[in-house]
Amino acid sequence: MRAPTLTRQILGLAVPAFFALVAEPLFLLVDSAIVGHLGTPQLAGLGVAGSVLATAVGVFVFLAYGTTATVARALGAGAEQRVVSAGVDGTVLALLLGVLAAAGVALGAEALCAGLGAGGEVLHHAVVYLRVSALGLPAMLVVLAITGALRGVQDTRTPLVVSVAGFTLNAVLNLAFVYGLGWGIAGSAWGTVIAQLAMASALVTVWFARLRASGVRPRLHPGGVLAAAVDGVPLIVRTLALRAILLLTTWVAAALGEVPLAAHQVAFTVWTLLAFALDALAIAGQALTGKGLGAADVAGVRAATATMVRWGIVGGAGMGLLVALSGPLVAPLFTPDARVQAAVIAALVVVGIGQPVSGYVFVLDGVLIGAGDGRWLARGMILVLLGYLPVVALLRLNADALAAQGPVVATVALWLGFTAFMLIRSAMLRWRERRDAWLVTGLV
């Protein structure tokens, strides 16, 4: 594959994916900015509820990643019927899992938030937000599945259009419900739920229109739904380990006090935005790797991986520099509390410094997911979790001492620990990528 052609393919997938992925965390950014001006307890409550909700969705991220890899590999092998069936089966599975997840989160909202260390007024706001947001979980998972199918057929533009429209609707509804109707933090949750439902409806319409145009009759295969669920187990394990790491970080933040917890919510929201932006290359990696291996083009996969890794590191460095310098402008957008602002500014410097590592990690993670290397990713993330536990223990045992030094010191210590997690993860991924065991060709 010639370099100009490779570059065009990567950019053709990554650029629309970049804007679509950036639009997704903007949901949380809008929520954080609007809720933050209601008060620090509300912002801290959103931080706790947001962690639980992100975990509930993140556990099932295989609906996007697994579907992308399966559809892309089938596309590369010329198996059109499998392309169609994988998308349909993934969507049905997403709907079923979404209903179950919504019930579990709504019923266990208080216990889940309290388990992360929330109490008093913070717990109240967290539970209110989480119970309303749970209603949108089925739509969120359907969006994941169909977005994955579209990426698999090398279409990242449609998810971009839908994401931008959804973000705009979310912003308008949140402002109207929170301030116009005076619904408080519940209004923010309702705005996001409605926007997610609209996005899911739009993507379902688009996908089935593509099916009709292809001339292949869409049929539900219960065996295919079950197979998709079984194939997703390794990615679920990988995601559970990752979410455990993120939840442990929130648990430590809660032990540091209300101000560091609120600051962590803002810093983590910014980090998530950067992660989604850098993940655009990971999406391109998933699609190109799956298609390349399906067509038995190992050399092309290696070349694309090397190019995207370089871009990930450079892109991470560029965005990291901007974020490290933007703290004084960003912090006031989320809270009027001077203590929280100071902690956010300091945390964003650490976030910025760690972005080149993030770019490297996200690209390789996407490449290995595209290769269908789920089992190794599951084992690798468990080892990363075990490596991160001593860092968590050290921070938690010294939480009182860190809090006594002020919220700036406590928040910086927390984010230095989180950066250590990313370094451990990068070492694991580099070890795997340098070997050939993941380069399995053809339909699997």
# chains A, B, ... in the order shown; residues from 1 in each chain; ligands from 1
call {"tool": "residues_around", "arguments": {"residues": "His125 of chain A", "least_positions_apart": "2", "cutoff": "6 Å", "atoms": "only C-alpha atoms", "output": "PyMOL selection string"}}
result
chain A and resi 42+45+122-123+127-128
call {"tool": "write_last_selection", "arguments": {"atoms": "N, CA and C atoms", "output": "PDB file, in the first residue's frame"}}
result
ATOM      1  N   GLN A  42     -23.566  19.815  43.529  1.00  0.00           N
ATOM      2  CA  GLN A  42     -24.165  19.275  42.309  1.00  0.00           C
ATOM      3  C   GLN A  42     -23.089  18.786  41.344  1.00  0.00           C
ATOM      4  N   GLY A  45     -21.658  15.619  42.668  1.00  0.00           N
ATOM      5  CA  GLY A  45     -22.634  14.546  42.456  1.00  0.00           C
ATOM      6  C   GLY A  45     -22.643  14.067  41.016  1.00  0.00           C
ATOM      7  N   VAL A 122     -24.206  15.571  48.195  1.00  0.00           N
ATOM      8  CA  VAL A 122     -23.579  15.044  46.987  1.00  0.00           C
ATOM      9  C   VAL A 122     -24.261  13.745  46.558  1.00  0.00           C
ATOM     10  N   LEU A 123     -24.543  12.873  47.509  1.00  0.00           N
ATOM     11  CA  LEU A 123     -25.213  11.604  47.208  1.00  0.00           C
ATOM     12  C   LEU A 123     -26.593  11.845  46.632  1.00  0.00           C
ATOM     13  N   VAL A 127     -27.711  10.521  42.874  1.00  0.00           N
ATOM     14  CA  VAL A 127     -28.784   9.543  42.686  1.00  0.00           C
ATOM     15  C   VAL A 127     -29.857  10.089  41.752  1.00  0.00           C
ATOM     16  N   VAL A 128     -30.227  11.351  41.916  1.00  0.00           N
ATOM     17  CA  VAL A 128     -31.229  11.967  41.042  1.00  0.00           C
ATOM     18  C   VAL A 128     -30.767  11.901  39.584  1.00  0.00           C
TER      19      VAL A 128
END
call {"tool": "residues_around", "arguments": {"residues": "Leu416 of chain A", "least_positions_apart": "4", "cutoff": "7 Å", "atoms": "only C-alpha atoms", "output": "NGL selection string"}}
result
:A and (350 or 412 or 420)
call {"tool": "closest_residue", "arguments": {"among": "A:Trp431, A:Tyr179, A:Trp415, A:Trp311", "to": "Gln265 of chain A", "atoms": "only C-alpha atoms"}}
result
A:Trp415
call {"tool": "atom_distance", "arguments": {"atom1": "atom CA of Arg430 of chain A", "atom2": "atom CA of Leu364 of chain A"}}
result
7.8 Å
call {"tool": "closest_atom_pairs", "arguments": {"of": "segment 264-376 of chain A", "to": "segment 403-410 of chain A", "cutoff": "10 Å", "atoms": "only C-alpha atoms", "output": "tab-separated table"}}
result
residue	atom	partner	partner_atom	distance
A:Arg339	CA	A:Pro407	CA	7.3
A:Val340	CA	A:Pro407	CA	7.7
A:Gln341	CA	A:Val408	CA	9.3
A:Ala342	CA	A:Val408	CA	6.5
A:Ala343	CA	A:Val408	CA	4.3
A:Val344	CA	A:Val408	CA	7.9
A:Ile345	CA	A:Val408	CA	8.6
A:Ala346	CA	A:Val408	CA	6.5
A:Ala347	CA	A:Val408	CA	7.8
call {"tool": "write_last_selection", "arguments": {"atoms": "N, CA and C atoms", "output": "PDB file, in the first residue's frame"}}
result
ATOM      1  N   ARG A 339     -11.481  27.685  44.812  1.00  0.00           N
ATOM      2  CA  ARG A 339     -10.693  26.535  45.244  1.00  0.00           C
ATOM      3  C   ARG A 339     -10.707  25.438  44.186  1.00  0.00           C
ATOM      4  N   VAL A 340     -11.868  25.185  43.634  1.00  0.00           N
ATOM      5  CA  VAL A 340     -11.979  24.176  42.585  1.00  0.00           C
ATOM      6  C   VAL A 340     -11.227  24.627  41.338  1.00  0.00           C
ATOM      7  N   GLN A 341     -11.325  25.898  40.994  1.00  0.00           N
ATOM      8  CA  GLN A 341     -10.623  26.420  39.820  1.00  0.00           C
ATOM      9  C   GLN A 341      -9.119  26.201  39.930  1.00  0.00           C
ATOM     10  N   ALA A 342      -8.549  26.510  41.097  1.00  0.00           N
ATOM     11  CA  ALA A 342      -7.108  26.355  41.284  1.00  0.00           C
ATOM     12  C   ALA A 342      -6.690  24.897  41.129  1.00  0.00           C
ATOM     13  N   ALA A 343      -7.481  23.984  41.678  1.00  0.00           N
ATOM     14  CA  ALA A 343      -7.166  22.564  41.574  1.00  0.00           C
ATOM     15  C   ALA A 343      -7.289  22.078  40.133  1.00  0.00           C
ATOM     16  N   VAL A 344      -8.281  22.570  39.401  1.00  0.00           N
ATOM     17  CA  VAL A 344      -8.467  22.185  38.001  1.00  0.00           C
ATOM     18  C   VAL A 344      -7.274  22.650  37.162  1.00  0.00           C
ATOM     19  N   ILE A 345      -6.845  23.881  37.363  1.00  0.00           N
ATOM     20  CA  ILE A 345      -5.724  24.427  36.593  1.00  0.00           C
ATOM     21  C   ILE A 345      -4.472  23.569  36.781  1.00  0.00           C
ATOM     22  N   ALA A 346      -4.201  23.198  38.016  1.00  0.00           N
ATOM     23  CA  ALA A 346      -3.028  22.365  38.297  1.00  0.00           C
ATOM     24  C   ALA A 346      -3.172  20.968  37.686  1.00  0.00           C
ATOM     25  N   ALA A 347      -4.358  20.394  37.799  1.00  0.00           N
ATOM     26  CA  ALA A 347      -4.585  19.050  37.270  1.00  0.00           C
ATOM     27  C   ALA A 347      -4.434  19.019  35.750  1.00  0.00           C
TER      28      ALA A 347
END
call {"tool": "residues_around", "arguments": {"residues": "segment 60-69 of chain A", "least_positions_apart": "5", "cutoff": "9 Å", "atoms": "only C-alpha atoms", "output": "PyMOL selection string"}}
result
chain A and resi 55+74+86-87+90-91+93-94+97-98+141-153+228-229+231-236+239+283+286-287+289-291+366+369-372+374
call {"tool": "closest_atom_pairs", "arguments": {"of": "segment 229-325 of chain A", "to": "segment 3-19 of chain A", "cutoff": "6 Å", "atoms": "only C-alpha atoms", "output": "tab-separated table"}}
result
residue	atom	partner	partner_atom	distance
A:Ala277	CA	A:Phe18	CA	5.2
A:Ala280	CA	A:Phe18	CA	4.6
A:Leu281	CA	A:Ala14	CA	5.4
A:Ala284	CA	A:Leu13	CA	5.4
call {"tool": "write_last_selection", "arguments": {"atoms": "N, CA and C atoms", "output": "tab-separated table (two decimals), in the first residue's frame"}}
result
chain	number	residue	atom	x	y	z
A	277	ALA	N	-10.88	12.37	21.23
A	277	ALA	CA	-10.24	12.99	20.07
A	277	ALA	C	-9.12	12.11	19.54
A	280	ALA	N	-9.86	8.87	17.54
A	280	ALA	CA	-10.19	8.88	16.10
A	280	ALA	C	-9.22	8.01	15.33
A	281	LEU	N	-7.93	8.06	15.70
A	281	LEU	CA	-6.95	7.20	15.05
A	281	LEU	C	-7.17	5.74	15.42
A	284	ALA	N	-9.85	4.48	13.15
A	284	ALA	CA	-9.26	4.17	11.85
A	284	ALA	C	-8.46	2.87	11.94
call {"tool": "closest_residue", "arguments": {"among": "A:Leu135, A:Ala413, A:Leu423, A:Leu389", "to": "Leu107 of chain A", "atoms": "only C-alpha atoms"}}
result
A:Leu135
call {"tool": "select_by_dssp", "arguments": {"residues": "segment 366-442 of chain A", "states": "alpha helix (DSSP H)", "output": "PyMOL selection string"}}
result
chain A and resi 366-370+374-397+399-404+407-433
call {"tool": "atom_distance", "arguments": {"atom1": "atom CA of Val391 of chain A", "atom2": "atom CA of Ala255 of chain A"}}
result
14.7 Å
call {"tool": "closest_residue", "arguments": {"among": "A:Trp271, A:Tyr129, A:Phe418, A:Phe334", "to": "Gly352 of chain A", "atoms": "only C-alpha atoms"}}
result
A:Trp271
call {"tool": "residues_around", "arguments": {"residues": "segment 30-33 of chain A", "least_positions_apart": "6", "cutoff": "12 Å", "atoms": "only C-alpha atoms", "output": "short mmCIF file (atom, residue, chain, number, x, y, z; two decimals) with all heavy atoms, in the first residue's frame"}}
result
data_model
loop_
_atom_site.label_atom_id
_atom_site.label_comp_id
_atom_site.auth_asym_id
_atom_site.auth_seq_id
_atom_site.Cartn_x
_atom_site.Cartn_y
_atom_site.Cartn_z
N ALA A 23 -17.70 15.09 19.75
CA ALA A 23 -19.07 15.47 20.08
C ALA A 23 -19.62 14.66 21.24
O ALA A 23 -20.41 15.16 22.04
CB ALA A 23 -19.97 15.32 18.85
N GLU A 24 -19.19 13.39 21.36
CA GLU A 24 -19.72 12.52 22.41
C GLU A 24 -19.39 13.03 23.82
O GLU A 24 -20.29 13.20 24.65
CB GLU A 24 -19.23 11.09 22.20
CG GLU A 24 -19.82 10.43 20.97
CD GLU A 24 -19.36 9.00 20.81
OE1 GLU A 24 -19.21 8.31 21.84
OE2 GLU A 24 -19.14 8.56 19.67
N GLY A 39 -23.87 24.63 41.70
CA GLY A 39 -23.19 24.53 43.00
C GLY A 39 -22.15 23.41 42.99
O GLY A 39 -22.20 22.50 42.15
N THR A 40 -21.21 23.48 43.92
CA THR A 40 -20.17 22.46 44.02
C THR A 40 -20.73 21.09 44.37
O THR A 40 -20.28 20.08 43.81
CB THR A 40 -19.10 22.90 45.05
OG1 THR A 40 -18.49 24.11 44.60
CG2 THR A 40 -18.02 21.83 45.22
N PRO A 41 -21.70 20.97 45.30
CA PRO A 41 -22.26 19.64 45.59
C PRO A 41 -22.89 18.99 44.35
O PRO A 41 -22.78 17.78 44.15
CB PRO A 41 -23.31 19.90 46.67
CG PRO A 41 -22.85 21.16 47.33
CD PRO A 41 -22.26 21.99 46.23
N GLN A 42 -23.57 19.82 43.53
CA GLN A 42 -24.16 19.27 42.31
C GLN A 42 -23.09 18.79 41.34
O GLN A 42 -23.23 17.72 40.73
CB GLN A 42 -25.03 20.34 41.62
CG GLN A 42 -26.34 20.63 42.32
CD GLN A 42 -26.23 21.73 43.36
OE1 GLN A 42 -25.14 22.00 43.89
NE2 GLN A 42 -27.33 22.38 43.66
N LEU A 43 -22.00 19.55 41.20
CA LEU A 43 -20.92 19.15 40.30
C LEU A 43 -20.24 17.88 40.79
O LEU A 43 -19.94 16.98 40.02
CB LEU A 43 -19.90 20.27 40.17
CG LEU A 43 -18.72 20.02 39.22
CD1 LEU A 43 -19.23 19.73 37.81
CD2 LEU A 43 -17.77 21.22 39.21
N ALA A 44 -20.02 17.80 42.12
CA ALA A 44 -19.42 16.59 42.68
C ALA A 44 -20.35 15.39 42.50
O ALA A 44 -19.91 14.28 42.18
CB ALA A 44 -19.12 16.80 44.16
N GLY A 45 -21.66 15.62 42.67
CA GLY A 45 -22.63 14.55 42.46
C GLY A 45 -22.64 14.07 41.02
O GLY A 45 -22.74 12.86 40.75
N LEU A 46 -22.52 15.01 40.08
CA LEU A 46 -22.43 14.63 38.67
C LEU A 46 -21.19 13.79 38.42
O LEU A 46 -21.22 12.84 37.62
CB LEU A 46 -22.41 15.89 37.80
CG LEU A 46 -22.21 15.67 36.30
CD1 LEU A 46 -23.36 14.86 35.71
CD2 LEU A 46 -22.06 17.01 35.57
N GLY A 47 -20.09 14.13 39.10
CA GLY A 47 -18.86 13.36 38.94
C GLY A 47 -19.04 11.91 39.33
O GLY A 47 -18.59 10.99 38.64
N VAL A 48 -19.73 11.67 40.46
CA VAL A 48 -19.97 10.31 40.92
C VAL A 48 -20.93 9.58 39.98
O VAL A 48 -20.67 8.46 39.52
CB VAL A 48 -20.51 10.31 42.35
CG1 VAL A 48 -20.93 8.90 42.77
CG2 VAL A 48 -19.46 10.86 43.32
N ALA A 49 -22.06 10.23 39.68
CA ALA A 49 -23.05 9.60 38.80
C ALA A 49 -22.48 9.36 37.41
O ALA A 49 -22.75 8.33 36.78
CB ALA A 49 -24.30 10.48 38.71
N GLY A 50 -21.69 10.33 36.92
CA GLY A 50 -21.08 10.17 35.61
C GLY A 50 -20.15 8.97 35.54
O GLY A 50 -20.10 8.28 34.52
N TYR A 129 -29.52 12.31 39.35
CA TYR A 129 -29.01 12.32 37.98
C TYR A 129 -28.94 10.90 37.40
O TYR A 129 -29.32 10.67 36.25
CB TYR A 129 -27.62 12.96 37.96
CG TYR A 129 -27.06 13.14 36.56
CD1 TYR A 129 -27.31 14.29 35.84
CD2 TYR A 129 -26.30 12.14 35.95
CE1 TYR A 129 -26.82 14.47 34.56
CE2 TYR A 129 -25.81 12.29 34.67
CZ TYR A 129 -26.07 13.46 33.98
OH TYR A 129 -25.60 13.63 32.70
N SER A 133 -30.88 9.30 34.11
CA SER A 133 -29.99 8.95 33.00
C SER A 133 -30.09 7.48 32.61
O SER A 133 -29.84 7.11 31.46
CB SER A 133 -28.55 9.27 33.36
OG SER A 133 -28.38 10.66 33.56
N PHE A 167 -25.47 16.44 19.95
CA PHE A 167 -24.85 17.38 20.88
C PHE A 167 -25.61 18.70 20.92
O PHE A 167 -25.86 19.27 21.98
CB PHE A 167 -23.40 17.64 20.49
CG PHE A 167 -22.82 18.87 21.13
CD1 PHE A 167 -22.54 18.89 22.49
CD2 PHE A 167 -22.58 20.01 20.39
CE1 PHE A 167 -22.03 20.01 23.11
CE2 PHE A 167 -22.06 21.14 20.98
CZ PHE A 167 -21.79 21.15 22.34
N THR A 168 -25.98 19.20 19.74
CA THR A 168 -26.71 20.47 19.68
C THR A 168 -28.05 20.36 20.41
O THR A 168 -28.42 21.24 21.19
CB THR A 168 -26.94 20.88 18.21
OG1 THR A 168 -25.68 20.94 17.54
CG2 THR A 168 -27.64 22.22 18.13
N LEU A 169 -28.77 19.27 20.15
CA LEU A 169 -30.05 19.06 20.82
C LEU A 169 -29.86 18.95 22.33
O LEU A 169 -30.63 19.51 23.12
CB LEU A 169 -30.71 17.80 20.29
CG LEU A 169 -32.05 17.40 20.92
CD1 LEU A 169 -33.10 18.49 20.70
CD2 LEU A 169 -32.53 16.06 20.35
N ASN A 170 -28.82 18.23 22.75
CA ASN A 170 -28.54 18.06 24.18
C ASN A 170 -28.29 19.41 24.86
O ASN A 170 -28.82 19.67 25.95
CB ASN A 170 -27.31 17.17 24.35
CG ASN A 170 -26.89 17.00 25.79
OD1 ASN A 170 -27.62 16.43 26.58
ND2 ASN A 170 -25.72 17.51 26.14
N ALA A 171 -27.50 20.27 24.23
CA ALA A 171 -27.19 21.58 24.82
C ALA A 171 -28.44 22.44 24.97
O ALA A 171 -28.68 23.06 26.02
CB ALA A 171 -26.15 22.30 23.96
N VAL A 172 -29.27 22.45 23.93
CA VAL A 172 -30.49 23.26 23.97
C VAL A 172 -31.45 22.75 25.05
O VAL A 172 -31.99 23.54 25.84
CB VAL A 172 -31.17 23.25 22.59
CG1 VAL A 172 -32.55 23.91 22.68
CG2 VAL A 172 -30.31 23.97 21.56
N LEU A 173 -31.65 21.44 25.10
CA LEU A 173 -32.58 20.86 26.07
C LEU A 173 -32.08 21.05 27.51
O LEU A 173 -32.87 21.34 28.41
CB LEU A 173 -32.79 19.38 25.78
CG LEU A 173 -33.55 19.04 24.50
CD1 LEU A 173 -33.61 17.53 24.31
CD2 LEU A 173 -34.96 19.62 24.54
N ASN A 174 -30.77 20.89 27.73
CA ASN A 174 -30.24 21.05 29.08
C ASN A 174 -30.45 22.46 29.60
O ASN A 174 -30.86 22.66 30.75
CB ASN A 174 -28.75 20.70 29.11
CG ASN A 174 -28.52 19.21 29.19
OD1 ASN A 174 -29.45 18.42 29.05
ND2 ASN A 174 -27.28 18.81 29.39
N LEU A 175 -30.15 23.44 28.77
CA LEU A 175 -30.36 24.82 29.20
C LEU A 175 -31.84 25.08 29.48
O LEU A 175 -32.20 25.75 30.46
CB LEU A 175 -29.85 25.78 28.12
CG LEU A 175 -28.33 25.89 27.99
CD1 LEU A 175 -27.96 26.68 26.74
CD2 LEU A 175 -27.75 26.56 29.23
N PHE A 177 -34.24 22.88 30.31
CA PHE A 177 -34.76 22.13 31.46
C PHE A 177 -34.16 22.59 32.79
O PHE A 177 -34.87 22.70 33.79
CB PHE A 177 -34.47 20.63 31.28
CG PHE A 177 -35.24 19.99 30.14
CD1 PHE A 177 -34.85 18.76 29.64
CD2 PHE A 177 -36.35 20.61 29.58
CE1 PHE A 177 -35.55 18.16 28.59
CE2 PHE A 177 -37.06 20.02 28.55
CZ PHE A 177 -36.66 18.80 28.05
N VAL A 178 -32.84 22.86 32.79
CA VAL A 178 -32.19 23.22 34.05
C VAL A 178 -32.54 24.64 34.48
O VAL A 178 -32.92 24.88 35.63
CB VAL A 178 -30.65 23.08 33.93
CG1 VAL A 178 -29.95 23.61 35.18
CG2 VAL A 178 -30.28 21.61 33.71
N GLY A 184 -33.21 21.73 37.78
CA GLY A 184 -31.96 21.42 38.44
C GLY A 184 -31.19 20.32 37.74
O GLY A 184 -31.25 20.16 36.52
N ILE A 185 -30.47 19.51 38.51
CA ILE A 185 -29.61 18.47 37.94
C ILE A 185 -30.43 17.41 37.19
O ILE A 185 -29.95 16.81 36.23
CB ILE A 185 -28.75 17.82 39.04
CG1 ILE A 185 -27.61 17.01 38.41
CG2 ILE A 185 -29.59 16.96 39.98
CD1 ILE A 185 -26.59 16.52 39.42
N ALA A 186 -31.67 17.20 37.59
CA ALA A 186 -32.53 16.25 36.87
C ALA A 186 -32.80 16.72 35.45
O ALA A 186 -32.89 15.91 34.52
CB ALA A 186 -33.85 16.06 37.61
N GLY A 187 -32.90 18.04 35.25
CA GLY A 187 -33.12 18.58 33.91
C GLY A 187 -31.97 18.28 32.97
O GLY A 187 -32.18 17.98 31.79
N SER A 188 -30.75 18.33 33.52
CA SER A 188 -29.58 17.99 32.71
C SER A 188 -29.64 16.54 32.25
O SER A 188 -29.34 16.21 31.10
CB SER A 188 -28.31 18.24 33.52
OG SER A 188 -27.17 17.88 32.79
N ALA A 189 -30.04 15.65 33.15
CA ALA A 189 -30.15 14.23 32.80
C ALA A 189 -31.23 14.00 31.76
O ALA A 189 -31.03 13.24 30.80
CB ALA A 189 -30.44 13.42 34.06
N TRP A 190 -32.37 14.66 31.92
CA TRP A 190 -33.46 14.48 30.96
C TRP A 190 -33.06 14.96 29.56
O TRP A 190 -33.39 14.34 28.54
CB TRP A 190 -34.72 15.21 31.42
CG TRP A 190 -35.56 14.45 32.39
CD1 TRP A 190 -35.82 14.75 33.69
CD2 TRP A 190 -36.27 13.23 32.12
NE1 TRP A 190 -36.62 13.80 34.26
CE2 TRP A 190 -36.92 12.86 33.33
CE3 TRP A 190 -36.40 12.40 31.00
CZ2 TRP A 190 -37.70 11.70 33.42
CZ3 TRP A 190 -37.18 11.26 31.10
CH2 TRP A 190 -37.81 10.92 32.30
N GLY A 191 -32.35 16.07 29.48
CA GLY A 191 -31.90 16.57 28.19
C GLY A 191 -31.02 15.57 27.47
O GLY A 191 -31.16 15.34 26.26
N THR A 192 -30.11 14.93 28.22
CA THR A 192 -29.21 13.95 27.63
C THR A 192 -29.96 12.70 27.19
O THR A 192 -29.68 12.13 26.13
CB THR A 192 -28.10 13.60 28.62
OG1 THR A 192 -27.40 14.78 29.00
CG2 THR A 192 -27.12 12.61 28.01
N VAL A 193 -30.93 12.25 27.99
CA VAL A 193 -31.71 11.07 27.64
C VAL A 193 -32.45 11.27 26.32
O VAL A 193 -32.43 10.42 25.43
CB VAL A 193 -32.71 10.73 28.77
CG1 VAL A 193 -33.75 9.70 28.29
CG2 VAL A 193 -31.98 10.18 29.98
N ALA A 262 -14.66 17.46 43.00
CA ALA A 262 -15.24 18.32 41.96
C ALA A 262 -14.20 18.66 40.90
O ALA A 262 -14.48 18.65 39.69
CB ALA A 262 -15.80 19.59 42.59
N ALA A 263 -12.97 18.95 41.33
CA ALA A 263 -11.90 19.28 40.39
C ALA A 263 -11.56 18.07 39.52
O ALA A 263 -11.29 18.21 38.32
CB ALA A 263 -10.66 19.75 41.15
N HIS A 264 -11.58 16.90 40.13
CA HIS A 264 -11.31 15.68 39.37
C HIS A 264 -12.38 15.47 38.30
O HIS A 264 -12.06 15.03 37.18
CB HIS A 264 -11.28 14.48 40.32
CG HIS A 264 -11.20 13.16 39.61
ND1 HIS A 264 -10.10 12.77 38.87
CD2 HIS A 264 -12.11 12.15 39.50
CE1 HIS A 264 -10.34 11.57 38.35
NE2 HIS A 264 -11.54 11.18 38.71
N GLN A 265 -13.63 15.77 38.63
CA GLN A 265 -14.70 15.64 37.65
C GLN A 265 -14.43 16.50 36.42
O GLN A 265 -14.56 16.05 35.28
CB GLN A 265 -16.06 16.02 38.26
CG GLN A 265 -17.17 16.33 37.27
CD GLN A 265 -17.52 15.17 36.37
OE1 GLN A 265 -17.15 14.03 36.65
NE2 GLN A 265 -18.23 15.44 35.28
N VAL A 266 -14.00 17.73 36.63
CA VAL A 266 -13.71 18.62 35.50
C VAL A 266 -12.49 18.12 34.73
O VAL A 266 -12.52 18.01 33.50
CB VAL A 266 -13.48 20.06 36.00
CG1 VAL A 266 -13.06 20.95 34.82
CG2 VAL A 266 -14.73 20.61 36.65
N ALA A 267 -11.41 17.79 35.45
CA ALA A 267 -10.19 17.32 34.79
C ALA A 267 -10.43 16.03 34.03
O ALA A 267 -9.94 15.84 32.91
CB ALA A 267 -9.07 17.14 35.82
N PHE A 268 -11.21 15.12 34.62
CA PHE A 268 -11.48 13.86 33.95
C PHE A 268 -12.37 14.07 32.72
O PHE A 268 -12.23 13.37 31.71
CB PHE A 268 -12.15 12.87 34.91
CG PHE A 268 -12.35 11.51 34.31
CD1 PHE A 268 -11.27 10.67 34.11
CD2 PHE A 268 -13.61 11.07 33.93
CE1 PHE A 268 -11.44 9.41 33.53
CE2 PHE A 268 -13.79 9.83 33.36
CZ PHE A 268 -12.70 9.00 33.17
N THR A 269 -13.27 15.05 32.80
CA THR A 269 -14.10 15.36 31.64
C THR A 269 -13.23 15.86 30.49
O THR A 269 -13.42 15.47 29.33
CB THR A 269 -15.15 16.42 32.00
OG1 THR A 269 -15.99 15.92 33.04
CG2 THR A 269 -16.00 16.79 30.81
N VAL A 270 -12.26 16.71 30.80
CA VAL A 270 -11.33 17.20 29.77
C VAL A 270 -10.48 16.05 29.24
O VAL A 270 -10.26 15.91 28.03
CB VAL A 270 -10.44 18.32 30.33
CG1 VAL A 270 -9.37 18.72 29.32
CG2 VAL A 270 -11.28 19.53 30.71
N LEU A 273 -12.49 14.05 26.87
CA LEU A 273 -12.60 14.74 25.58
C LEU A 273 -11.35 14.49 24.74
O LEU A 273 -11.44 14.17 23.55
CB LEU A 273 -12.79 16.24 25.81
CG LEU A 273 -12.81 17.12 24.56
CD1 LEU A 273 -13.98 16.75 23.66
CD2 LEU A 273 -12.88 18.59 24.94
N VAL A 330 -10.24 27.48 31.05
CA VAL A 330 -11.20 26.38 31.14
C VAL A 330 -11.90 26.32 32.49
O VAL A 330 -13.12 26.17 32.58
CB VAL A 330 -10.50 25.03 30.85
CG1 VAL A 330 -11.43 23.85 31.15
CG2 VAL A 330 -10.03 24.98 29.41
N ALA A 331 -11.13 26.44 33.57
CA ALA A 331 -11.68 26.23 34.91
C ALA A 331 -12.90 27.10 35.23
O ALA A 331 -13.89 26.60 35.76
CB ALA A 331 -10.58 26.43 35.95
N PRO A 332 -12.88 28.41 34.93
CA PRO A 332 -14.05 29.23 35.26
C PRO A 332 -15.32 28.85 34.50
O PRO A 332 -16.42 29.22 34.92
CB PRO A 332 -13.60 30.66 34.88
CG PRO A 332 -12.11 30.62 34.91
CD PRO A 332 -11.77 29.24 34.43
N LEU A 333 -15.16 28.11 33.39
CA LEU A 333 -16.34 27.70 32.63
C LEU A 333 -17.16 26.66 33.39
O LEU A 333 -18.36 26.50 33.13
CB LEU A 333 -15.92 27.11 31.28
CG LEU A 333 -15.19 28.05 30.32
CD1 LEU A 333 -14.76 27.29 29.07
CD2 LEU A 333 -16.07 29.24 29.95
N PHE A 334 -16.53 25.96 34.33
CA PHE A 334 -17.18 24.85 35.01
C PHE A 334 -17.62 25.17 36.44
O PHE A 334 -18.52 24.52 36.96
CB PHE A 334 -16.24 23.65 35.05
CG PHE A 334 -16.00 23.03 33.70
CD1 PHE A 334 -14.93 23.44 32.92
CD2 PHE A 334 -16.86 22.08 33.20
CE1 PHE A 334 -14.71 22.89 31.68
CE2 PHE A 334 -16.65 21.52 31.95
CZ PHE A 334 -15.57 21.94 31.18
N THR A 335 -17.00 26.15 37.06
CA THR A 335 -17.34 26.43 38.45
C THR A 335 -16.90 27.83 38.85
O THR A 335 -15.84 28.30 38.41
CB THR A 335 -16.67 25.40 39.39
OG1 THR A 335 -16.93 25.76 40.76
CG2 THR A 335 -15.16 25.36 39.18
N PRO A 336 -17.69 28.50 39.69
CA PRO A 336 -17.27 29.81 40.22
C PRO A 336 -16.42 29.67 41.49
O PRO A 336 -15.89 30.67 41.98
CB PRO A 336 -18.61 30.49 40.53
CG PRO A 336 -19.52 29.37 40.88
CD PRO A 336 -19.10 28.20 40.02
#
call {"tool": "residues_around", "arguments": {"residues": "Trp251 of chain A", "least_positions_apart": "4", "cutoff": "8 Å", "atoms": "only C-alpha atoms", "output": "count of residues only"}}
result
4
call {"tool": "decode", "arguments": {"residues": "segment 259-270 of chain A", "atoms": "C-alpha atoms", "output": "CSV table (one decimal), in the first residue's frame"}}
result
chain,number,residue,atom,x,y,z
A,259,VAL,CA,-13.2,20.1,46.3
A,260,PRO,CA,-10.7,17.6,44.9
A,261,LEU,CA,-13.6,15.4,43.8
A,262,ALA,CA,-15.2,18.3,42.0
A,263,ALA,CA,-11.9,19.3,40.4
A,264,HIS,CA,-11.3,15.7,39.4
A,265,GLN,CA,-14.7,15.6,37.6
A,266,VAL,CA,-13.7,18.6,35.5
A,267,ALA,CA,-10.2,17.3,34.8
A,268,PHE,CA,-11.5,13.9,33.9
A,269,THR,CA,-14.1,15.4,31.6
A,270,VAL,CA,-11.3,17.2,29.8
